[in-house]
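Below is one structure, written out as structure tokens; the observations come after it.
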Amino acid sequence: MSNTFALKGLFIDTPVPGELRCREGFLVCENGTVEGFYDALPERYAAVPVRDCAGKLIIPGMSDLHLHAPQYSYCGTAMDLELLEWLDNYTYPEEARYADIAHAKAYYEVFTRDLLHSATTRAAIFATIHTDATLELMRQLEKAGLGAYVGKLNMDRNCPDFYSEHTPERGEAETRRWLDQCREAGFERVFPILTPRFTPSVTDAYMEKIGGLSREYGAAMQSHLSENLSEIEWVKALCPDAETYADTYARYGLFGGECKTIMAHCIYCPEAEDRMMKEGHVFIAHCPTSNENVIAGVAPAARYLRQGYETGLGSDVAGGHTLDLFAVMAAAVQVSKLRWRYVDQSEKPLTMAEALYMATAGGGRFFGKVGLFEEGYCFDAVVIDDSAHHNLRAFTPAERIERCAYLGGARVTDKYVDGHKIL
Ligand code: GUN
Ligand code: FE
């Protein structure tokens with residue numbers, strides 16, 4: 001029974017989108033997975049260690065489906081430009097600095113520490129084009145005990161000379177070196193994910209090679225889709241023979257199906273792209289804070305979620321201004337109200353329960369059985385002290401979650417990934 005323990009307290013999760021399940025009792029962990037939930041601890045577990053989380057909230061670890069680790073250094077600034085100018089002026093110069101491994105190490109340490117203290121237990125992360133710096137980030141995340149997919153970026157066009165892989169051949173060779181080193185490193189909870197930045201940054205020849213690597217290594221992929229109107233026009237001009245933006249990935253086997261895929265934003269997808277995402281089980285990373293800051297627009301996230309698309313949340317740091325997925329949940333609800341008011345009166349705004357679903361069970365599905373307190377799921381849990389909210393009234397668990405999202409300031413006191421206590 002040495003790998004068995006229990007948490008005692010108030011557990012909140014979302015087996016069904018839009019419905020909070022709140023239970024007081026004991027959650028038993030056996031060998032890293034949830035063994036079961038009990039109102040009272042069964043006699044056979046009488047001797048196992050029990051951590052009492054009285055007064056706190058316990059929720060499944062959150063999954064951040066989209067963020068850029070190297071951009072954390074300028075998070076909360078650079079809010080004055082739209083996407084394409086923002087990339088040129090702020091992003092590329094900053095990401096280029098990660099060629100210096102000492103810089104990467106120091107900056108990724110800050111990122112990893114802050115992610116560890118957030119409610120996020122799993123994340124899909126963009127790094128930079130640099131193999132060694134990307135491996136450094138992966139080592140740090142693994143050491144912290146976080147679960148992650150991390151991508152060395154692919155970029156060989158429309159980027160500055162000081163931040164480019166220059167040719168498909170050089171890019172492929174470096175990406176292969178990175179994938180091989182990931183295999184050698186034998187990470188337990190951190191995996192490589194192919195990361196063509198977005199179609200404007202990647203020639204067709206390179207995209208084709210990335211598709212080949214995906215099949216050869218069985219690797220997942222992540223990228224951006226239909227985020228910004230100028231970007232979409234640019235993709236049309238760069239790829240006149242593609243039927244849709246999605247097709248610029250799909251024609252190289254990089255859009256769902258066998259290739260597990262996350263697409264960030266998906267604000268302006270035409271019906272044909274929607275169909276491809278649904279059929280290929282492509283995960284949609286809804287990034288409401290970023291979509292506000294970089295003036296991208298408001299994605300139809302409520303519709304995606306309610307129509308059964310794979311939908312999760314992304315902080316998209318540093319387009320997004322915070323790693324805190326509670327804040328992203330609040331933004332998801334808020335912008336869905338603007339969409340309802342200004343764009344589409346047929347789709348009611350998201351509820352906070354739906355937002356929590358996206359942050360936990362919805363995004364968690366990308367990582368396996370993650371995001372619910374149910375038998376057989378990874379034992380990923382965060383314990384939250386919301387006493388800073390001075391809950392003078394007797395708020396319901398649902399209201400306390402709402403206050404965590406809107407007020408901020410709740411503190412993660414304990415965190416478990418696969419049953420390991422990492423905080
Ligand atoms: N599209 C291509 N690169 C980026 C990026 O770094 N951030 C966002 N928000 N969109 C992108
Ligand atoms: Fe992004």
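Order determines the names: the first chain of the structure tokens is A, the second B, and so forth; residues in each chain are numbered 1 upward, and ligands are numbered 1 upward as they are shown.
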Contacts of Lys209 in chain A within 9 Å, only C-alpha atoms, excl. fewer than 2 positions in-chain, as a CSV table (one decimal) with C-alpha atoms, in the first residue's frame:
chain,number,residue,atom,x,y,z
A,168,PRO,CA,13.8,23.1,-45.0
A,169,GLU,CA,16.9,20.8,-45.0
A,172,GLU,CA,14.5,19.1,-40.7
A,204,ASP,CA,5.4,23.9,-48.2
A,205,ALA,CA,8.7,22.0,-48.6
A,206,TYR,CA,9.4,22.2,-44.9
A,207,MET,CA,5.7,21.5,-43.9
A,211,GLY,CA,4.6,15.7,-41.9
A,212,GLY,CA,7.1,13.0,-42.6
A,213,LEU,CA,8.7,13.4,-39.2
A,214,SER,CA,5.3,13.2,-37.5
A,252,TYR,CA,0.9,17.0,-45.2
Inset, instruction - Could you find all residues in range 184-362 of chain A that DSSP calls helix (DSSP H, G or I) from the backbone, and write them as a PyMOL selection string? - result: chain A and resi 184-185+199-201+204-217+229-238+245-250+271-280+288-293+301-306+325-342+352-362
Legend entry - 10 Å shell around ligand 1 using only C-alpha atoms and all ligand atoms, listed as an NGL selection string: :A and (66-71 or 82-84 or 86-88 or 90-92 or 95 or 126-128 or 153 or 196-201 or 223-228 or 231 or 264-265 or 287 or 289-291 or 293-296 or 315-320)
Legend entry - Given only C-alpha atoms and all ligand atoms as the counted atoms, nearest of A:Ile210, A:Ala359, A:Gly419, A:Thr195 to ligand 2: A:Thr195
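Closest to Cys266 in chain A among A:Lys236, A:Arg157, A:His286, A:Arg251 is A:His286, based on only C-alpha atoms.
Comparing the minimum interatomic distances between Phe162 in chain A and each of A:Ala394, A:Ile125, A:Ala361, A:Ala96, counting only C-alpha atoms, we find that A:Ala96 sits nearest.
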Inset, instruction - Could you pull out the residues in range 174-211 of chain A that DSSP calls strand (DSSP E) from the backbone, as a PyMOL selection string? - result: chain A and resi 190-196
Suppose we keep C-alpha atoms; can you now write the selection as a PDB file, in the first residue's frame?
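Saved the output as result-v4.pdb:
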ATOM      1  CA  VAL A 190       7.350  15.612 -21.015  1.00  0.00           C
ATOM      2  CA  PHE A 191       6.987  14.845 -24.711  1.00  0.00           C
ATOM      3  CA  PRO A 192       8.041  16.469 -27.961  1.00  0.00           C
ATOM      4  CA  ILE A 193       5.366  17.903 -30.220  1.00  0.00           C
ATOM      5  CA  LEU A 194       6.034  19.114 -33.755  1.00  0.00           C
ATOM      6  CA  THR A 195       5.463  22.851 -33.929  1.00  0.00           C
ATOM      7  CA  PRO A 196       5.361  24.574 -37.295  1.00  0.00           C
TER       8      PRO A 196
END
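Here CA of Tyr357 in chain A and CA of Gly371 in chain A stand 8.4 Å from one another.
Comparing A:Thr167, A:Thr261, A:Gln307, A:Gln222 by their smallest distance to ligand 2, the closest is A:Gln222 (using only C-alpha atoms and all ligand atoms).
Our summary of the geometry notes that CA of Glu233 in chain A is positioned 29.2 Å from CA of Gly363 in chain A.
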